[in-house]
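Here is work.txt, consisting of compact mmCIF, C-alpha atoms and all ligand atoms:
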```txt
# COMPACT_ATOMS: atom_id res chain seq x y z
CA MET W 681 -0.96 11.20 -6.61
CA ASP W 682 -4.70 11.30 -6.02
CA ALA W 683 -5.63 10.76 -2.37
CA ASP W 684 -8.52 8.60 -3.53
CA GLN W 685 -6.29 6.26 -5.54
CA GLU W 686 -6.56 2.75 -4.19
CA ILE W 687 -3.30 1.52 -2.75
CA CYS W 688 -4.59 -1.89 -1.74
CA LEU W 689 -6.54 -3.03 -4.77
CA CYS W 690 -7.58 -6.28 -3.10
CA PHE W 691 -9.50 -4.46 -0.37
CA HIS W 692 -10.07 -1.08 -2.07
CA VAL W 693 -8.12 0.86 0.54
CA THR W 694 -7.28 4.35 -0.67
CA ARG W 695 -4.24 6.42 0.09
CA ARG W 696 -6.48 8.78 2.05
CA LYS W 697 -7.68 5.95 4.31
CA ILE W 698 -4.13 4.81 4.92
CA GLU W 699 -2.81 8.29 5.65
CA ASN W 700 -5.71 8.98 8.00
CA PHE W 701 -5.10 5.66 9.74
CA ILE W 702 -1.42 6.54 10.20
CA ARG W 703 -2.32 9.99 11.53
CA LEU W 704 -5.08 8.89 13.88
CA ASP W 705 -4.04 5.39 15.01
CA GLN W 706 -0.30 6.10 14.97
CA PRO W 707 0.95 2.60 14.16
CA VAL W 708 4.56 1.93 15.17
CA ARG W 709 5.21 -0.68 12.47
CA ALA W 710 4.19 -0.72 8.81
CA GLY W 711 2.66 -4.17 9.33
CA GLN W 712 0.01 -2.59 11.52
CA LEU W 713 -1.46 -0.99 8.42
CA ALA W 714 -3.23 -4.34 7.95
CA ASP W 715 -5.61 -3.03 10.61
CA CYS W 716 -6.71 -0.40 8.08
CA PHE W 717 -9.44 -2.37 6.30
CA GLY W 718 -7.09 -5.32 5.75
CA ALA W 719 -4.63 -3.38 3.59
CA GLY W 720 -1.83 -5.63 2.41
CA THR W 721 -3.39 -8.90 3.52
CA GLY W 722 -4.52 -10.12 0.09
CA CYS W 723 -2.12 -10.74 -2.78
CA GLY W 724 0.69 -8.78 -1.12
CA TRP W 725 1.31 -6.47 -4.06
CA CYS W 726 0.73 -3.25 -2.16
CA ARG W 727 2.92 -4.03 0.86
CA LYS W 728 5.97 -2.20 -0.43
CA TYR W 729 3.80 0.87 -1.06
CA LEU W 730 2.25 0.61 2.39
CA VAL W 731 5.77 0.57 3.82
CA SER W 732 6.63 3.57 1.65
CA LEU W 733 3.60 5.51 2.93
CA PHE W 734 4.41 4.54 6.50
CA GLU W 735 8.05 5.59 6.15
CA SER W 736 7.02 8.82 4.45
CA ALA W 737 4.76 9.66 7.36
CA GLN W 738 7.57 8.86 9.79
CA SER W 739 9.90 11.13 7.84
CA ALA W 740 7.37 13.94 7.82
CA ALA W 741 7.33 13.76 11.60
CA ASP W 742 11.14 13.93 11.71
CA PRO W 743 12.59 16.97 9.93
CA GLU W 744 16.01 15.26 9.86
CA LYS W 745 14.69 12.71 7.37
CA GLN W 746 13.56 13.44 3.84
CA SER W 747 11.40 10.92 2.06
CA SER W 748 8.20 10.68 0.10
CA ALA W 749 6.09 7.78 -1.06
CA ASP W 750 6.72 7.20 -4.75
CA ILE W 751 3.57 5.58 -6.06
CA PRO W 752 2.88 5.14 -9.78
CA SER W 753 -0.26 6.43 -11.49
CA ALA W 754 -3.43 4.39 -10.93
CA GLU W 755 -3.21 2.87 -14.41
CA ALA W 756 0.46 1.88 -14.13
CA TYR W 757 -0.13 0.63 -10.61
CA ALA W 758 -2.97 -1.66 -11.74
CA VAL W 759 -0.88 -3.03 -14.62
CA MET W 760 2.09 -3.68 -12.32
CA ARG W 761 -0.17 -5.50 -9.86
CA ARG W 762 -1.69 -7.63 -12.63
CA GLU W 763 1.83 -8.64 -13.70
CA TYR W 764 2.81 -9.36 -10.10
CA ARG W 765 -0.20 -11.63 -9.63
CA ALA W 766 0.46 -13.43 -12.93
CA GLU W 767 4.07 -14.06 -11.90
CA LYS W 768 2.91 -15.28 -8.52
CA ARG W 769 0.42 -17.66 -10.13
CA ASN W 770 3.09 -18.95 -12.50
CA ARG W 771 5.38 -19.63 -9.54
CA GLY W 772 2.56 -21.52 -7.86
CA ASP W 773 2.49 -19.19 -4.87
CA GLY W 774 -1.26 -19.62 -4.59
CA ASP W 775 -2.83 -16.21 -4.88
CA PRO W 776 -6.20 -16.75 -3.17
CA LYS W 777 -7.74 -13.81 -5.04
CA ALA W 778 -6.64 -15.04 -8.49
S1 LIG U 801 -3.27 -5.07 -3.52
FE1 LIG U 801 -3.09 -5.01 -1.36
S2 LIG U 801 -3.04 -7.08 -0.78
FE2 LIG U 801 -3.41 -7.14 -2.93
```

Represent the structure from my file as structure tokens, please.
Ligand code: FES
Amino acid sequence: MDADQEICLCFHVTRRKIENFIRLDQPVRAGQLADCFGAGTGCGWCRKYLVSLFESAQSAADPEKQSSADIPSAEAYAVMRREYRAEKRNRGDGDPKA
């Protein structure tokens, strides 16, 4: 996956920004990634991927654990997010960015 691929499409936060935030700010919970340019605080689509990146970084620091963030291509990711937002709208969950 391209380091410049946006993980949070709402706030245009790239994988590189998130990984640098994890490395430099050393958050202890995935929810703290919201402090990285607001990642995950819009529609919510990217939260599971933020958790995946967080857990992957934790695993990299612990040789006992093996894990890697499995993030689809940019095109597939954008399509999946569009579908997520459409479903959310249809449920009436009130996507403020819709
Ligand atoms: S894509 Fe990250 S909050 Fe919407």

Find the spatial neighbours of segment 729-741 of chain W, counting all atoms listed in the file, within a cut-off of 9 Å - ignore same-chain residues fewer than 6 positions away - and output them as a list in words. Ile687, Cys688, Arg695, Ile698, Glu699, Ile702, Arg703, Pro707, Arg709, Ala710, Gly711, Leu713, Ala719, Gly720, Ser747, Ser748, Ala749, Asp750 and Ile751 of chain W

With the cut-off set at 6 Å and counting all atoms listed in the file, tabulate each residue of chain W with an atom at most that distance from an atom of ligand LIG 801 (chain U), showing the nearest atom pair and its distance in Å to one decimal, ordered by chain and increasing number, as JSON lines.
```
{"residue": "W:Cys688", "atom": "CA", "partner": "U:LIG801", "partner_atom": "FE1", "distance": 3.5}
{"residue": "W:Leu689", "atom": "CA", "partner": "U:LIG801", "partner_atom": "S1", "distance": 4.1}
{"residue": "W:Cys690", "atom": "CA", "partner": "U:LIG801", "partner_atom": "FE2", "distance": 4.3}
{"residue": "W:Ala719", "atom": "CA", "partner": "U:LIG801", "partner_atom": "FE1", "distance": 5.4}
{"residue": "W:Gly720", "atom": "CA", "partner": "U:LIG801", "partner_atom": "S2", "distance": 3.7}
{"residue": "W:Thr721", "atom": "CA", "partner": "U:LIG801", "partner_atom": "S2", "distance": 4.7}
{"residue": "W:Gly722", "atom": "CA", "partner": "U:LIG801", "partner_atom": "S2", "distance": 3.5}
{"residue": "W:Cys723", "atom": "CA", "partner": "U:LIG801", "partner_atom": "FE2", "distance": 3.8}
{"residue": "W:Gly724", "atom": "CA", "partner": "U:LIG801", "partner_atom": "S2", "distance": 4.1}
{"residue": "W:Trp725", "atom": "CA", "partner": "U:LIG801", "partner_atom": "S1", "distance": 4.8}
{"residue": "W:Cys726", "atom": "CA", "partner": "U:LIG801", "partner_atom": "FE1", "distance": 4.3}
```

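Coordinates place atom CA of Ala754 of chain W at a distance of 7.6 Å from atom CA of Glu686 of chain W.
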
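Picture a line from atom CA of Ala766 of chain W to atom CA of Lys728 of chain W; it runs 17.7 Å.
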
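Remark: for Phe717 of chain W, the closest of the candidate residues W:Pro752, W:Tyr757, W:Thr694, W:Lys768 is W:Thr694 (distances computed over only C-alpha atoms).
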
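The residue that comes closest to Ala756 of chain W, out of W:Gln685, W:Gly772, W:Leu704, W:Ala714 and on the basis of only C-alpha atoms, is W:Gln685.
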
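Computed from the coordinates, the atom CA of Val693 of chain W to atom CA of Tyr764 of chain W distance equals 18.4 Å.
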
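You can rank W:Arg696, W:Ala683, W:Arg761, W:Phe701 by their closest distance to Arg727 of chain W using only C-alpha atoms, and at the top of that list sits W:Arg761.
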
Cut-off 12 Å around (-2.6, -13.1, -14.3) with all atoms listed in the file: residues as a ChimeraX atom specification: /W:723,758-772,774-775,777-778

Would you save the residues from that selection as a tab-separated table (two decimals), keeping the file's coordinate frame, using C-alpha atoms?
```tsv
chain	number	residue	atom	x	y	z
W	723	CYS	CA	-2.12	-10.74	-2.78
W	758	ALA	CA	-2.97	-1.66	-11.74
W	759	VAL	CA	-0.88	-3.03	-14.62
W	760	MET	CA	2.09	-3.68	-12.32
W	761	ARG	CA	-0.17	-5.50	-9.86
W	762	ARG	CA	-1.69	-7.63	-12.63
W	763	GLU	CA	1.83	-8.64	-13.70
W	764	TYR	CA	2.81	-9.36	-10.10
W	765	ARG	CA	-0.20	-11.63	-9.63
W	766	ALA	CA	0.46	-13.43	-12.93
W	767	GLU	CA	4.07	-14.06	-11.90
W	768	LYS	CA	2.91	-15.28	-8.52
W	769	ARG	CA	0.42	-17.66	-10.13
W	770	ASN	CA	3.09	-18.95	-12.50
W	771	ARG	CA	5.38	-19.63	-9.54
W	772	GLY	CA	2.56	-21.52	-7.86
W	774	GLY	CA	-1.26	-19.62	-4.59
W	775	ASP	CA	-2.83	-16.21	-4.88
W	777	LYS	CA	-7.74	-13.81	-5.04
W	778	ALA	CA	-6.64	-15.04	-8.49
```

Kindly complete segment 698-732 of chain W to N, CA and C atoms; the output should be written as a short mmCIF file (atom, residue, chain, number, x, y, z; two decimals), keeping the file's coordinate frame.
```
data_model
loop_
_atom_site.label_atom_id
_atom_site.label_comp_id
_atom_site.auth_asym_id
_atom_site.auth_seq_id
_atom_site.Cartn_x
_atom_site.Cartn_y
_atom_site.Cartn_z
N ILE W 698 -5.39 5.22 4.30
CA ILE W 698 -4.13 4.81 4.92
C ILE W 698 -3.48 5.98 5.65
N GLU W 699 -3.43 7.13 5.01
CA GLU W 699 -2.81 8.29 5.65
C GLU W 699 -3.59 8.73 6.88
N ASN W 700 -4.91 8.65 6.81
CA ASN W 700 -5.71 8.98 8.00
C ASN W 700 -5.48 7.96 9.11
N PHE W 701 -5.37 6.69 8.74
CA PHE W 701 -5.10 5.66 9.74
C PHE W 701 -3.76 5.92 10.43
N ILE W 702 -2.75 6.26 9.63
CA ILE W 702 -1.42 6.54 10.20
C ILE W 702 -1.50 7.74 11.15
N ARG W 703 -2.22 8.76 10.72
CA ARG W 703 -2.32 9.99 11.53
C ARG W 703 -3.10 9.75 12.82
N LEU W 704 -4.20 9.03 12.72
CA LEU W 704 -5.08 8.89 13.88
C LEU W 704 -4.72 7.72 14.80
N ASP W 705 -4.33 6.58 14.20
CA ASP W 705 -4.04 5.39 15.01
C ASP W 705 -2.57 5.29 15.39
N GLN W 706 -1.73 6.04 14.69
CA GLN W 706 -0.30 6.10 14.97
C GLN W 706 0.34 4.72 15.12
N PRO W 707 0.29 3.91 14.09
CA PRO W 707 0.95 2.60 14.16
C PRO W 707 2.47 2.79 14.31
N VAL W 708 3.11 1.84 14.98
CA VAL W 708 4.56 1.93 15.17
C VAL W 708 5.32 1.06 14.17
N ARG W 709 4.61 0.17 13.49
CA ARG W 709 5.21 -0.68 12.47
C ARG W 709 4.32 -0.65 11.22
N ALA W 710 4.96 -0.74 10.06
CA ALA W 710 4.19 -0.72 8.81
C ALA W 710 3.20 -1.89 8.76
N GLY W 711 3.55 -3.01 9.34
CA GLY W 711 2.66 -4.17 9.33
C GLY W 711 1.32 -3.90 10.00
N GLN W 712 1.27 -2.93 10.86
CA GLN W 712 0.01 -2.59 11.52
C GLN W 712 -0.98 -1.93 10.59
N LEU W 713 -0.54 -1.57 9.39
CA LEU W 713 -1.46 -0.99 8.42
C LEU W 713 -2.49 -2.03 7.96
N ALA W 714 -2.24 -3.29 8.24
CA ALA W 714 -3.23 -4.34 7.95
C ALA W 714 -4.52 -4.08 8.73
N ASP W 715 -4.41 -3.37 9.83
CA ASP W 715 -5.61 -3.03 10.61
C ASP W 715 -6.46 -1.96 9.94
N CYS W 716 -5.96 -1.40 8.85
CA CYS W 716 -6.71 -0.40 8.08
C CYS W 716 -7.44 -1.14 6.96
N PHE W 717 -8.58 -1.68 7.27
CA PHE W 717 -9.44 -2.37 6.30
C PHE W 717 -8.75 -3.56 5.62
N GLY W 718 -7.77 -4.14 6.30
CA GLY W 718 -7.09 -5.32 5.75
C GLY W 718 -6.03 -5.01 4.71
N ALA W 719 -5.62 -3.77 4.61
CA ALA W 719 -4.63 -3.38 3.59
C ALA W 719 -3.41 -4.29 3.65
N GLY W 720 -3.04 -4.82 2.51
CA GLY W 720 -1.83 -5.63 2.41
C GLY W 720 -2.00 -7.10 2.74
N THR W 721 -3.20 -7.52 3.08
CA THR W 721 -3.39 -8.90 3.52
C THR W 721 -3.96 -9.81 2.42
N GLY W 722 -4.04 -9.28 1.20
CA GLY W 722 -4.52 -10.12 0.09
C GLY W 722 -3.34 -10.68 -0.68
N CYS W 723 -3.17 -10.21 -1.89
CA CYS W 723 -2.12 -10.74 -2.78
C CYS W 723 -0.72 -10.32 -2.35
N GLY W 724 -0.61 -9.24 -1.59
CA GLY W 724 0.69 -8.78 -1.12
C GLY W 724 1.32 -7.71 -1.99
N TRP W 725 0.75 -7.43 -3.13
CA TRP W 725 1.31 -6.47 -4.06
C TRP W 725 1.57 -5.11 -3.42
N CYS W 726 0.66 -4.63 -2.65
CA CYS W 726 0.73 -3.25 -2.16
C CYS W 726 1.64 -3.07 -0.95
N ARG W 727 2.17 -4.16 -0.41
CA ARG W 727 2.92 -4.03 0.86
C ARG W 727 4.08 -3.07 0.78
N LYS W 728 4.82 -3.11 -0.34
CA LYS W 728 5.97 -2.20 -0.43
C LYS W 728 5.51 -0.74 -0.47
N TYR W 729 4.32 -0.51 -1.02
CA TYR W 729 3.80 0.87 -1.06
C TYR W 729 3.24 1.27 0.30
N LEU W 730 2.70 0.32 1.02
CA LEU W 730 2.25 0.61 2.39
C LEU W 730 3.45 1.00 3.24
N VAL W 731 4.54 0.26 3.08
CA VAL W 731 5.77 0.57 3.82
C VAL W 731 6.26 1.96 3.43
N SER W 732 6.19 2.26 2.14
CA SER W 732 6.63 3.57 1.65
C SER W 732 5.78 4.69 2.27
#
```
